[in-house]
>>> print(open('model29.cif').read())   # mmCIF, C-alpha atoms
data_protein
#
loop_
_atom_site.label_atom_id
_atom_site.label_comp_id
_atom_site.auth_asym_id
_atom_site.auth_seq_id
_atom_site.Cartn_x
_atom_site.Cartn_y
_atom_site.Cartn_z
CA MET X 1 0.00 0.00 0.00
CA THR X 2 1.38 3.44 -0.91
CA ASP X 3 1.95 6.16 1.67
CA GLU X 4 -0.87 8.18 0.09
CA SER X 5 -3.38 5.35 0.22
CA SER X 6 -2.32 4.55 3.79
CA ARG X 7 -3.04 8.14 4.78
CA GLU X 8 -6.43 7.99 3.03
CA ALA X 9 -7.36 4.82 4.89
CA ALA X 10 -6.22 6.24 8.22
CA ALA X 11 -8.18 9.46 7.67
CA ALA X 12 -11.39 7.76 6.59
CA PRO X 13 -14.04 7.60 9.31
CA ARG X 14 -15.16 4.18 10.41
CA SER X 15 -18.40 3.36 8.57
CA ARG X 16 -21.34 1.20 9.53
CA LEU X 17 -20.36 -0.95 6.59
CA ALA X 18 -17.06 -1.62 8.35
CA ASP X 19 -18.93 -2.48 11.53
CA ALA X 20 -21.14 -4.90 9.61
CA LEU X 21 -18.14 -6.56 7.99
CA VAL X 22 -16.52 -7.19 11.37
CA GLU X 23 -19.42 -9.54 12.14
CA SER X 24 -19.28 -11.22 8.71
CA GLY X 25 -16.62 -13.79 9.58
CA LEU X 26 -14.39 -12.63 6.71
CA SER X 27 -10.66 -12.23 7.09
CA GLN X 28 -9.24 -8.77 7.80
CA ARG X 29 -7.75 -8.63 4.29
CA HIS X 30 -11.09 -9.50 2.71
CA ARG X 31 -12.83 -6.83 4.79
CA ASP X 32 -10.18 -4.27 3.77
CA ILE X 33 -10.89 -5.02 0.10
CA LEU X 34 -14.65 -4.62 0.52
CA GLU X 35 -14.23 -1.36 2.44
CA ALA X 36 -11.80 0.01 -0.14
CA ALA X 37 -14.08 -0.97 -3.02
CA ALA X 38 -17.10 0.60 -1.30
CA ALA X 39 -15.21 3.86 -0.74
CA LEU X 40 -14.03 3.97 -4.36
CA PHE X 41 -17.47 3.20 -5.77
CA ALA X 42 -18.88 6.00 -3.59
CA GLU X 43 -16.15 8.47 -4.57
CA ARG X 44 -15.83 7.77 -8.30
CA GLY X 45 -18.87 5.76 -9.29
CA TYR X 46 -19.07 2.23 -10.65
CA ALA X 47 -17.96 3.00 -14.20
CA ALA X 48 -14.88 5.02 -13.16
CA THR X 49 -13.62 2.43 -10.65
CA SER X 50 -11.47 -0.43 -11.89
CA VAL X 51 -10.35 -3.59 -10.18
CA ARG X 52 -6.83 -2.23 -10.47
CA ASP X 53 -7.87 0.89 -8.52
CA ILE X 54 -9.23 -1.32 -5.75
CA GLY X 55 -6.06 -3.40 -5.72
CA GLU X 56 -3.85 -0.33 -5.50
CA ARG X 57 -5.92 1.02 -2.61
CA VAL X 58 -5.24 -2.12 -0.55
CA GLY X 59 -1.81 -3.00 -1.95
CA LEU X 60 -2.87 -6.12 -3.90
CA LEU X 61 -2.60 -6.74 -7.63
CA GLY X 62 -3.39 -9.47 -10.13
CA GLY X 63 -4.08 -12.97 -8.91
CA SER X 64 -3.78 -12.02 -5.27
CA LEU X 65 -6.78 -9.71 -5.56
CA TYR X 66 -8.89 -12.16 -7.55
CA HIS X 67 -8.42 -14.66 -4.75
CA TYR X 68 -10.90 -12.50 -2.84
CA ILE X 69 -13.22 -11.18 -5.54
CA LYS X 70 -14.73 -12.80 -8.64
CA SER X 71 -15.35 -9.63 -10.63
CA LYS X 72 -16.06 -5.93 -10.26
CA GLU X 73 -19.73 -6.61 -10.98
CA ALA X 74 -20.03 -9.22 -8.23
CA LEU X 75 -18.18 -6.93 -5.84
CA PHE X 76 -20.53 -4.01 -6.52
CA VAL X 77 -23.61 -6.19 -5.99
CA ARG X 78 -22.25 -7.50 -2.70
CA ILE X 79 -21.40 -4.05 -1.35
CA HIS X 80 -24.71 -2.63 -2.56
CA ASP X 81 -26.55 -5.44 -0.75
CA ILE X 82 -24.58 -4.97 2.47
CA ALA X 83 -25.19 -1.21 2.45
CA LEU X 84 -28.93 -1.71 2.02
CA GLN X 85 -28.98 -4.40 4.70
CA VAL X 86 -27.24 -2.08 7.15
CA ALA X 87 -29.72 0.69 6.33
CA GLY X 88 -32.67 -1.67 6.69
CA ASP X 89 -31.42 -2.97 10.02
CA ARG X 90 -31.08 0.59 11.36
CA ILE X 91 -34.62 1.47 10.33
CA LEU X 92 -36.08 -1.72 11.83
CA ALA X 93 -34.20 -1.08 15.06
CA ALA X 94 -35.62 2.45 15.23
CA VAL X 95 -39.25 1.40 14.70
CA SER X 96 -39.08 -1.67 16.94
CA LYS X 97 -39.25 0.50 20.05
CA LEU X 98 -42.56 2.08 19.04
CA SER X 99 -46.16 0.90 18.72
CA ASP X 100 -48.07 3.87 17.28
CA PRO X 101 -48.12 3.47 13.47
CA TRP X 102 -47.52 7.16 12.77
CA GLU X 103 -44.63 7.30 15.22
CA ARG X 104 -43.16 4.19 13.58
CA LEU X 105 -43.37 5.76 10.13
CA GLU X 106 -41.80 8.96 11.44
CA ALA X 107 -38.93 7.02 13.01
CA ALA X 108 -38.35 5.18 9.73
CA CYS X 109 -38.32 8.40 7.71
CA VAL X 110 -36.02 10.18 10.15
CA THR X 111 -33.59 7.25 10.21
CA MET X 112 -33.58 6.96 6.43
CA LEU X 113 -32.75 10.65 6.08
CA GLU X 114 -30.03 10.42 8.73
CA ILE X 115 -28.47 7.64 6.66
CA GLN X 116 -28.82 9.44 3.34
CA LEU X 117 -27.66 12.85 4.53
CA ASP X 118 -24.66 11.57 6.50
CA PRO X 119 -21.61 12.81 4.53
CA ASN X 120 -19.75 9.63 5.51
CA SER X 121 -22.56 7.29 4.45
CA LEU X 122 -21.90 4.96 1.53
CA THR X 123 -25.54 4.07 1.02
CA MET X 124 -26.64 7.05 -1.04
CA PRO X 125 -23.67 7.11 -3.46
CA LEU X 126 -24.17 3.41 -4.12
CA MET X 127 -27.92 3.81 -4.57
CA ASN X 128 -27.50 6.80 -6.87
CA ASP X 129 -25.01 4.93 -9.06
CA PHE X 130 -27.65 2.42 -10.13
CA ALA X 131 -27.89 3.78 -13.69
CA SER X 132 -24.20 3.21 -14.43
CA ALA X 133 -24.31 -0.45 -13.36
CA PRO X 134 -24.35 -2.97 -16.25
CA PRO X 135 -27.84 -4.13 -17.27
CA GLU X 136 -26.95 -7.73 -16.39
CA ILE X 137 -26.62 -6.91 -12.67
CA ARG X 138 -29.41 -4.35 -12.32
CA GLY X 139 -31.98 -7.09 -11.84
CA ARG X 140 -30.08 -8.34 -8.80
CA LEU X 141 -29.85 -4.82 -7.42
CA VAL X 142 -33.59 -4.30 -7.90
CA GLU X 143 -34.36 -7.48 -5.95
CA LYS X 144 -32.53 -6.12 -2.91
CA ARG X 145 -34.14 -2.70 -3.25
CA ASP X 146 -37.57 -4.27 -3.46
CA ALA X 147 -36.84 -6.19 -0.26
CA PHE X 148 -35.76 -2.93 1.42
CA GLU X 149 -38.98 -1.18 0.34
CA LEU X 150 -41.01 -3.92 2.03
CA ILE X 151 -40.13 -2.22 5.32
CA PHE X 152 -42.09 0.85 4.23
CA ARG X 153 -44.87 -1.19 2.66
CA ASP X 154 -45.49 -2.88 6.00
CA LEU X 155 -45.32 0.40 7.93
CA ILE X 156 -47.79 2.04 5.56
CA ALA X 157 -50.11 -0.99 5.70
CA ASP X 158 -50.53 -0.32 9.43
CA LEU X 159 -51.52 3.34 9.00
CA PRO X 160 -55.16 4.32 9.59
CA LEU X 161 -55.42 5.99 6.19
CA ASP X 162 -58.54 7.19 4.45
CA PRO X 163 -59.81 4.23 2.39
CA SER X 164 -59.84 6.44 -0.71
CA LEU X 165 -56.04 6.74 -0.59
CA ASP X 166 -54.11 4.13 -2.55
CA ARG X 167 -51.36 2.81 -0.29
CA GLY X 168 -49.17 1.82 -3.21
CA VAL X 169 -49.21 5.36 -4.61
CA TYR X 170 -48.70 6.71 -1.07
CA ARG X 171 -45.60 4.53 -0.63
CA LEU X 172 -44.11 5.46 -4.01
CA LEU X 173 -44.59 9.18 -3.41
CA LEU X 174 -43.10 8.98 0.09
CA LEU X 175 -40.05 6.99 -1.01
CA THR X 176 -39.50 9.21 -4.04
CA LEU X 177 -39.46 12.24 -1.76
CA LEU X 178 -37.15 10.62 0.78
CA ASN X 179 -34.75 9.43 -1.92
CA ASN X 180 -34.44 12.91 -3.42
CA VAL X 181 -33.88 15.00 -0.32
CA SER X 182 -30.11 14.65 -0.74
CA GLY X 183 -30.38 16.54 -4.04
CA TRP X 184 -31.47 19.79 -2.38
CA TYR X 185 -30.52 19.44 1.28
CA ARG X 186 -27.96 21.88 2.68
CA PRO X 187 -26.86 21.68 6.34
CA GLY X 188 -27.90 24.58 8.51
CA ARG X 189 -31.58 25.52 8.54
CA MET X 190 -33.03 22.12 9.41
CA THR X 191 -31.62 18.82 10.58
CA PRO X 192 -32.40 15.49 8.89
CA GLU X 193 -34.61 14.67 11.89
CA GLN X 194 -36.61 17.88 11.50
CA ILE X 195 -37.08 17.31 7.77
CA GLY X 196 -38.21 13.73 8.39
CA ARG X 197 -40.79 14.92 10.91
CA GLN X 198 -42.03 17.59 8.49
CA ILE X 199 -42.45 15.02 5.72
CA VAL X 200 -44.55 12.76 7.92
CA ARG X 201 -46.72 15.71 8.98
CA ILE X 202 -47.40 16.42 5.30
CA PHE X 203 -48.23 12.75 4.66
CA HIS X 204 -50.34 12.37 7.80
CA HIS X 205 -53.87 11.60 6.59
CA ASP X 206 -56.10 9.85 9.12
CA GLY X 207 -59.05 7.79 8.00
CA ASP X 208 -61.36 9.35 10.60
#
>>> encode(input="model29.cif", output="structure tokens")
Amino acid sequence: MTDESSREAAAAPRSRLADALVESGLSQRHRDILEAAAALFAERGYAATSVRDIGERVGLLGGSLYHYIKSKEALFVRIHDIALQVAGDRILAAVSKLSDPWERLEAACVTMLEIQLDPNSLTMPLMNDFASAPPEIRGRLVEKRDAFELIFRDLIADLPLDPSLDRGVYRLLLLTLLNNVSGWYRPGRMTPEQIGRQIVRIFHHDGD
């Protein structure tokens, strides 16, 4: 590993992805490769990141690197899936403490925004890079995203909404809004928590 890449690794904040990998049972070297790949995908995007770039970041080249990874495509899918799993686990942990359906939805929205608007989070860059992924792996990415969205489908199913409101449309509008906050958010006036609470107030429609 070069001095520059060593400094980059030392300066990088510990991510929740790293925490998740510690519990994966993988070797330290394998975890280093996954963390380096995730950081590069987030920084440069899928298309602009090569296997060689990943190898240089961790000080491995050629056959030594391919001992740990099958291909760039498989690596991206795995990291994408881990990032979504970590995000899903955080949301489920936040809502598990609550019983009121509106409070549960609010907790989910707030947690999702805290993940997305965290400057050190890898989730949003990976999610936003979906379009540059090869068509042959997009189907696998969609499967994981669909599983993630089930969290919100179940939360919305428990809401006492007006029967005239279509819950599928409600879910799509809410997720579209949450997924696009990072495009206009600027730190300062409101926190991610405050924005999440505002969104749920706007979407709060009782069936009474």
>>> residues_around(input="model29.cif", residues="Ala131 (chain X)", least_positions_apart="3", cutoff="12 Å", atoms="only C-alpha atoms", output="MDAnalysis selection string")
chainID X and resid 45:47 125:128 134:139 141:142
>>> atom_distance(input="model29.cif", atom1="CA of Val86 (chain X)", atom2="CA of Arg189 (chain X)")
28.0 Å
>>> resolve_selection(input="model29.cif", expression="the PyMOL selection byres ((chain X and resi 78) around 12)", output="list in words")
Leu17, Leu21, Ile33, Leu34, Glu35, Ala37, Ala38, Ile69, Lys70, Ser71, Lys72, Glu73, Ala74, Leu75, Phe76, Val77, Ile79, His80, Asp81, Ile82, Ala83, Leu84, Gln85, Leu126, Ile137, Arg140, Leu141 and Lys144 of chain X
>>> write_last_selection(input="model29.cif", atoms="C-alpha atoms", output="PDB file, keeping the file's coordinate frame")
ATOM      1  CA  LEU X  17     -20.360  -0.950   6.590  1.00  0.00           C
ATOM      2  CA  LEU X  21     -18.140  -6.560   7.990  1.00  0.00           C
ATOM      3  CA  ILE X  33     -10.890  -5.020   0.100  1.00  0.00           C
ATOM      4  CA  LEU X  34     -14.650  -4.620   0.520  1.00  0.00           C
ATOM      5  CA  GLU X  35     -14.230  -1.360   2.440  1.00  0.00           C
ATOM      6  CA  ALA X  37     -14.080  -0.970  -3.020  1.00  0.00           C
ATOM      7  CA  ALA X  38     -17.100   0.600  -1.300  1.00  0.00           C
ATOM      8  CA  ILE X  69     -13.220 -11.180  -5.540  1.00  0.00           C
ATOM      9  CA  LYS X  70     -14.730 -12.800  -8.640  1.00  0.00           C
ATOM     10  CA  SER X  71     -15.350  -9.630 -10.630  1.00  0.00           C
ATOM     11  CA  LYS X  72     -16.060  -5.930 -10.260  1.00  0.00           C
ATOM     12  CA  GLU X  73     -19.730  -6.610 -10.980  1.00  0.00           C
ATOM     13  CA  ALA X  74     -20.030  -9.220  -8.230  1.00  0.00           C
ATOM     14  CA  LEU X  75     -18.180  -6.930  -5.840  1.00  0.00           C
ATOM     15  CA  PHE X  76     -20.530  -4.010  -6.520  1.00  0.00           C
ATOM     16  CA  VAL X  77     -23.610  -6.190  -5.990  1.00  0.00           C
ATOM     17  CA  ILE X  79     -21.400  -4.050  -1.350  1.00  0.00           C
ATOM     18  CA  HIS X  80     -24.710  -2.630  -2.560  1.00  0.00           C
ATOM     19  CA  ASP X  81     -26.550  -5.440  -0.750  1.00  0.00           C
ATOM     20  CA  ILE X  82     -24.580  -4.970   2.470  1.00  0.00           C
ATOM     21  CA  ALA X  83     -25.190  -1.210   2.450  1.00  0.00           C
ATOM     22  CA  LEU X  84     -28.930  -1.710   2.020  1.00  0.00           C
ATOM     23  CA  GLN X  85     -28.980  -4.400   4.700  1.00  0.00           C
ATOM     24  CA  LEU X 126     -24.170   3.410  -4.120  1.00  0.00           C
ATOM     25  CA  ILE X 137     -26.620  -6.910 -12.670  1.00  0.00           C
ATOM     26  CA  ARG X 140     -30.080  -8.340  -8.800  1.00  0.00           C
ATOM     27  CA  LEU X 141     -29.850  -4.820  -7.420  1.00  0.00           C
ATOM     28  CA  LYS X 144     -32.530  -6.120  -2.910  1.00  0.00           C
TER      29      LYS X 144
END
>>> resolve_selection(input="model29.cif", expression="the PyMOL selection byres ((chain X and resi 177) around 12)", output="list in words")
Cys109, Met112, Leu113, Tyr170, Arg171, Leu172, Leu173, Leu174, Leu175, Thr176, Leu178, Asn179, Asn180, Val181, Ser182, Gly183, Trp184, Tyr185, Ile195, Gly196, Gln198, Ile199, Val200, Ile202 and Phe203 of chain X
>>> closest_residue(input="model29.cif", among="X:Asp206, X:Arg201, X:Leu155, X:Phe41", to="Ser99 (chain X)", atoms="all atoms listed in the file")
X:Leu155
>>> atom_distance(input="model29.cif", atom1="CA of Arg90 (chain X)", atom2="CA of Thr111 (chain X)")
7.2 Å
>>> residues_near_point(input="model29.cif", point="(-46.7, 6.6, 16.5)", cutoff="12 Å", atoms="only C-alpha atoms", output="list in words")
Ala94, Val95, Ser96, Lys97, Leu98, Ser99, Asp100, Pro101, Trp102, Glu103, Arg104, Leu105, Glu106, Ala107, Ala108, Leu155, Ile156, Asp158, Leu159, Pro160, Arg197, Val200, Arg201 and His204 of chain X
>>> closest_residue(input="model29.cif", among="X:Leu65, X:Leu161, X:Val58, X:Ala87", to="Thr123 (chain X)", atoms="all atoms listed in the file")
X:Ala87
>>> closest_residue(input="model29.cif", among="X:Pro187, X:Arg57, X:Gly168, X:Tyr66", to="Glu149 (chain X)", atoms="only C-alpha atoms")
X:Gly168
>>> atom_distance(input="model29.cif", atom1="CA of Ile54 (chain X)", atom2="CA of Gln28 (chain X)")
15.5 Å
>>> residues_near_point(input="model29.cif", point="(-3.5, -1.5, -5.9)", cutoff="12 Å", atoms="only C-alpha atoms", output="ChimeraX atom specification")
/X:1-2,4-6,33,36-37,40,49-65
>>> write_last_selection(input="model29.cif", atoms="C-alpha atoms", output="PDB file, in the coordinates of the input")
ATOM      1  CA  MET X   1       0.000   0.000   0.000  1.00  0.00           C
ATOM      2  CA  THR X   2       1.380   3.440  -0.910  1.00  0.00           C
ATOM      3  CA  GLU X   4      -0.870   8.180   0.090  1.00  0.00           C
ATOM      4  CA  SER X   5      -3.380   5.350   0.220  1.00  0.00           C
ATOM      5  CA  SER X   6      -2.320   4.550   3.790  1.00  0.00           C
ATOM      6  CA  ILE X  33     -10.890  -5.020   0.100  1.00  0.00           C
ATOM      7  CA  ALA X  36     -11.800   0.010  -0.140  1.00  0.00           C
ATOM      8  CA  ALA X  37     -14.080  -0.970  -3.020  1.00  0.00           C
ATOM      9  CA  LEU X  40     -14.030   3.970  -4.360  1.00  0.00           C
ATOM     10  CA  THR X  49     -13.620   2.430 -10.650  1.00  0.00           C
ATOM     11  CA  SER X  50     -11.470  -0.430 -11.890  1.00  0.00           C
ATOM     12  CA  VAL X  51     -10.350  -3.590 -10.180  1.00  0.00           C
ATOM     13  CA  ARG X  52      -6.830  -2.230 -10.470  1.00  0.00           C
ATOM     14  CA  ASP X  53      -7.870   0.890  -8.520  1.00  0.00           C
ATOM     15  CA  ILE X  54      -9.230  -1.320  -5.750  1.00  0.00           C
ATOM     16  CA  GLY X  55      -6.060  -3.400  -5.720  1.00  0.00           C
ATOM     17  CA  GLU X  56      -3.850  -0.330  -5.500  1.00  0.00           C
ATOM     18  CA  ARG X  57      -5.920   1.020  -2.610  1.00  0.00           C
ATOM     19  CA  VAL X  58      -5.240  -2.120  -0.550  1.00  0.00           C
ATOM     20  CA  GLY X  59      -1.810  -3.000  -1.950  1.00  0.00           C
ATOM     21  CA  LEU X  60      -2.870  -6.120  -3.900  1.00  0.00           C
ATOM     22  CA  LEU X  61      -2.600  -6.740  -7.630  1.00  0.00           C
ATOM     23  CA  GLY X  62      -3.390  -9.470 -10.130  1.00  0.00           C
ATOM     24  CA  GLY X  63      -4.080 -12.970  -8.910  1.00  0.00           C
ATOM     25  CA  SER X  64      -3.780 -12.020  -5.270  1.00  0.00           C
ATOM     26  CA  LEU X  65      -6.780  -9.710  -5.560  1.00  0.00           C
TER      27      LEU X  65
END
>>> closest_residue(input="model29.cif", among="X:Asp118, X:Tyr68, X:Ala42, X:Ser132", to="Leu26 (chain X)", atoms="all atoms listed in the file")
X:Tyr68
>>> closest_residue(input="model29.cif", among="X:His205, X:Gln194, X:Ile91, X:Phe148", to="Ser164 (chain X)", atoms="all atoms listed in the file")
X:His205
>>> axis_aligned_box(input="model29.cif", around="region 98-111 of chain X", padding_each_side="5 Å", output="JSON")
{"center_x": -40.9, "center_y": 5.5, "center_z": 13.4, "size_x": 24.5, "size_y": 19.3, "size_z": 21.3}
>>> decode(input="model29.cif", residues="region 97-108 of chain X", atoms="all heavy atoms", output="tab-separated table (two decimals), in the first residue's frame")
chain	number	residue	atom	x	y	z
X	97	LYS	N	-39.00	-0.01	18.71
X	97	LYS	CA	-39.25	0.50	20.05
X	97	LYS	C	-40.61	1.18	20.18
X	97	LYS	O	-41.00	1.60	21.27
X	97	LYS	CB	-38.16	1.54	20.41
X	97	LYS	CG	-36.74	1.07	20.17
X	97	LYS	CD	-35.77	2.24	20.24
X	97	LYS	CE	-34.37	1.82	19.81
X	97	LYS	NZ	-33.44	2.96	19.73
X	98	LEU	N	-41.33	1.30	19.07
X	98	LEU	CA	-42.56	2.08	19.04
X	98	LEU	C	-43.75	1.21	18.65
X	98	LEU	O	-43.60	0.20	17.98
X	98	LEU	CB	-42.42	3.24	18.05
X	98	LEU	CG	-41.23	4.17	18.29
X	98	LEU	CD1	-41.00	5.07	17.10
X	98	LEU	CD2	-41.43	4.99	19.56
X	99	SER	N	-44.95	1.65	19.06
X	99	SER	CA	-46.16	0.90	18.72
X	99	SER	C	-47.13	1.72	17.87
X	99	SER	O	-47.86	1.15	17.06
X	99	SER	CB	-46.88	0.42	19.99
X	99	SER	OG	-47.20	1.52	20.83
X	100	ASP	N	-47.17	3.03	18.07
X	100	ASP	CA	-48.07	3.87	17.28
X	100	ASP	C	-47.63	3.87	15.82
X	100	ASP	O	-46.45	4.14	15.51
X	100	ASP	CB	-48.06	5.30	17.82
X	100	ASP	CG	-48.99	6.20	17.02
X	100	ASP	OD1	-50.20	6.17	17.26
X	100	ASP	OD2	-48.47	6.91	16.12
X	101	PRO	N	-48.52	3.58	14.87
X	101	PRO	CA	-48.12	3.47	13.47
X	101	PRO	C	-47.54	4.75	12.88
X	101	PRO	O	-46.62	4.69	12.05
X	101	PRO	CB	-49.41	3.05	12.76
X	101	PRO	CG	-50.52	3.37	13.70
X	101	PRO	CD	-49.95	3.24	15.06
X	102	TRP	N	-48.06	5.91	13.29
X	102	TRP	CA	-47.52	7.16	12.77
X	102	TRP	C	-46.14	7.45	13.35
X	102	TRP	O	-45.26	7.96	12.64
X	102	TRP	CB	-48.48	8.33	13.06
X	102	TRP	CG	-49.71	8.31	12.22
X	102	TRP	CD1	-50.98	8.04	12.62
X	102	TRP	CD2	-49.78	8.53	10.80
X	102	TRP	NE1	-51.84	8.09	11.55
X	102	TRP	CE2	-51.13	8.40	10.42
X	102	TRP	CE3	-48.83	8.84	9.83
X	102	TRP	CZ2	-51.56	8.56	9.11
X	102	TRP	CZ3	-49.25	9.00	8.50
X	102	TRP	CH2	-50.60	8.86	8.16
X	103	GLU	N	-45.95	7.13	14.60
X	103	GLU	CA	-44.63	7.30	15.22
X	103	GLU	C	-43.62	6.36	14.58
X	103	GLU	O	-42.44	6.71	14.40
X	103	GLU	CB	-44.71	7.07	16.72
X	103	GLU	CG	-45.48	8.14	17.47
X	103	GLU	CD	-45.53	7.88	18.96
X	103	GLU	OE1	-44.99	6.84	19.41
X	103	GLU	OE2	-46.11	8.71	19.68
X	104	ARG	N	-44.05	5.15	14.23
X	104	ARG	CA	-43.16	4.19	13.58
X	104	ARG	C	-42.76	4.69	12.19
X	104	ARG	O	-41.59	4.60	11.81
X	104	ARG	CB	-43.86	2.83	13.49
X	104	ARG	CG	-43.90	2.08	14.81
X	104	ARG	CD	-44.87	0.90	14.78
X	104	ARG	NE	-44.55	-0.07	13.76
X	104	ARG	CZ	-43.63	-1.04	13.89
X	104	ARG	NH1	-42.95	-1.14	15.02
X	104	ARG	NH2	-43.41	-1.91	12.93
X	105	LEU	N	-43.71	5.23	11.45
X	105	LEU	CA	-43.37	5.76	10.13
X	105	LEU	C	-42.42	6.95	10.26
X	105	LEU	O	-41.46	7.07	9.48
X	105	LEU	CB	-44.64	6.20	9.39
X	105	LEU	CG	-44.41	6.73	7.97
X	105	LEU	CD1	-43.88	5.63	7.05
X	105	LEU	CD2	-45.68	7.33	7.39
X	106	GLU	N	-42.67	7.81	11.22
X	106	GLU	CA	-41.80	8.96	11.44
X	106	GLU	C	-40.38	8.51	11.77
X	106	GLU	O	-39.39	9.05	11.24
X	106	GLU	CB	-42.34	9.83	12.56
X	106	GLU	CG	-41.49	11.07	12.83
X	106	GLU	CD	-42.10	11.93	13.93
X	106	GLU	OE1	-41.81	11.65	15.12
X	106	GLU	OE2	-42.85	12.85	13.59
X	107	ALA	N	-40.25	7.52	12.65
X	107	ALA	CA	-38.93	7.02	13.01
X	107	ALA	C	-38.21	6.45	11.80
X	107	ALA	O	-37.00	6.63	11.63
X	107	ALA	CB	-39.06	5.95	14.10
X	108	ALA	N	-38.95	5.75	10.94
X	108	ALA	CA	-38.35	5.18	9.73
X	108	ALA	C	-37.87	6.27	8.79
X	108	ALA	O	-36.76	6.20	8.22
X	108	ALA	CB	-39.36	4.28	9.02
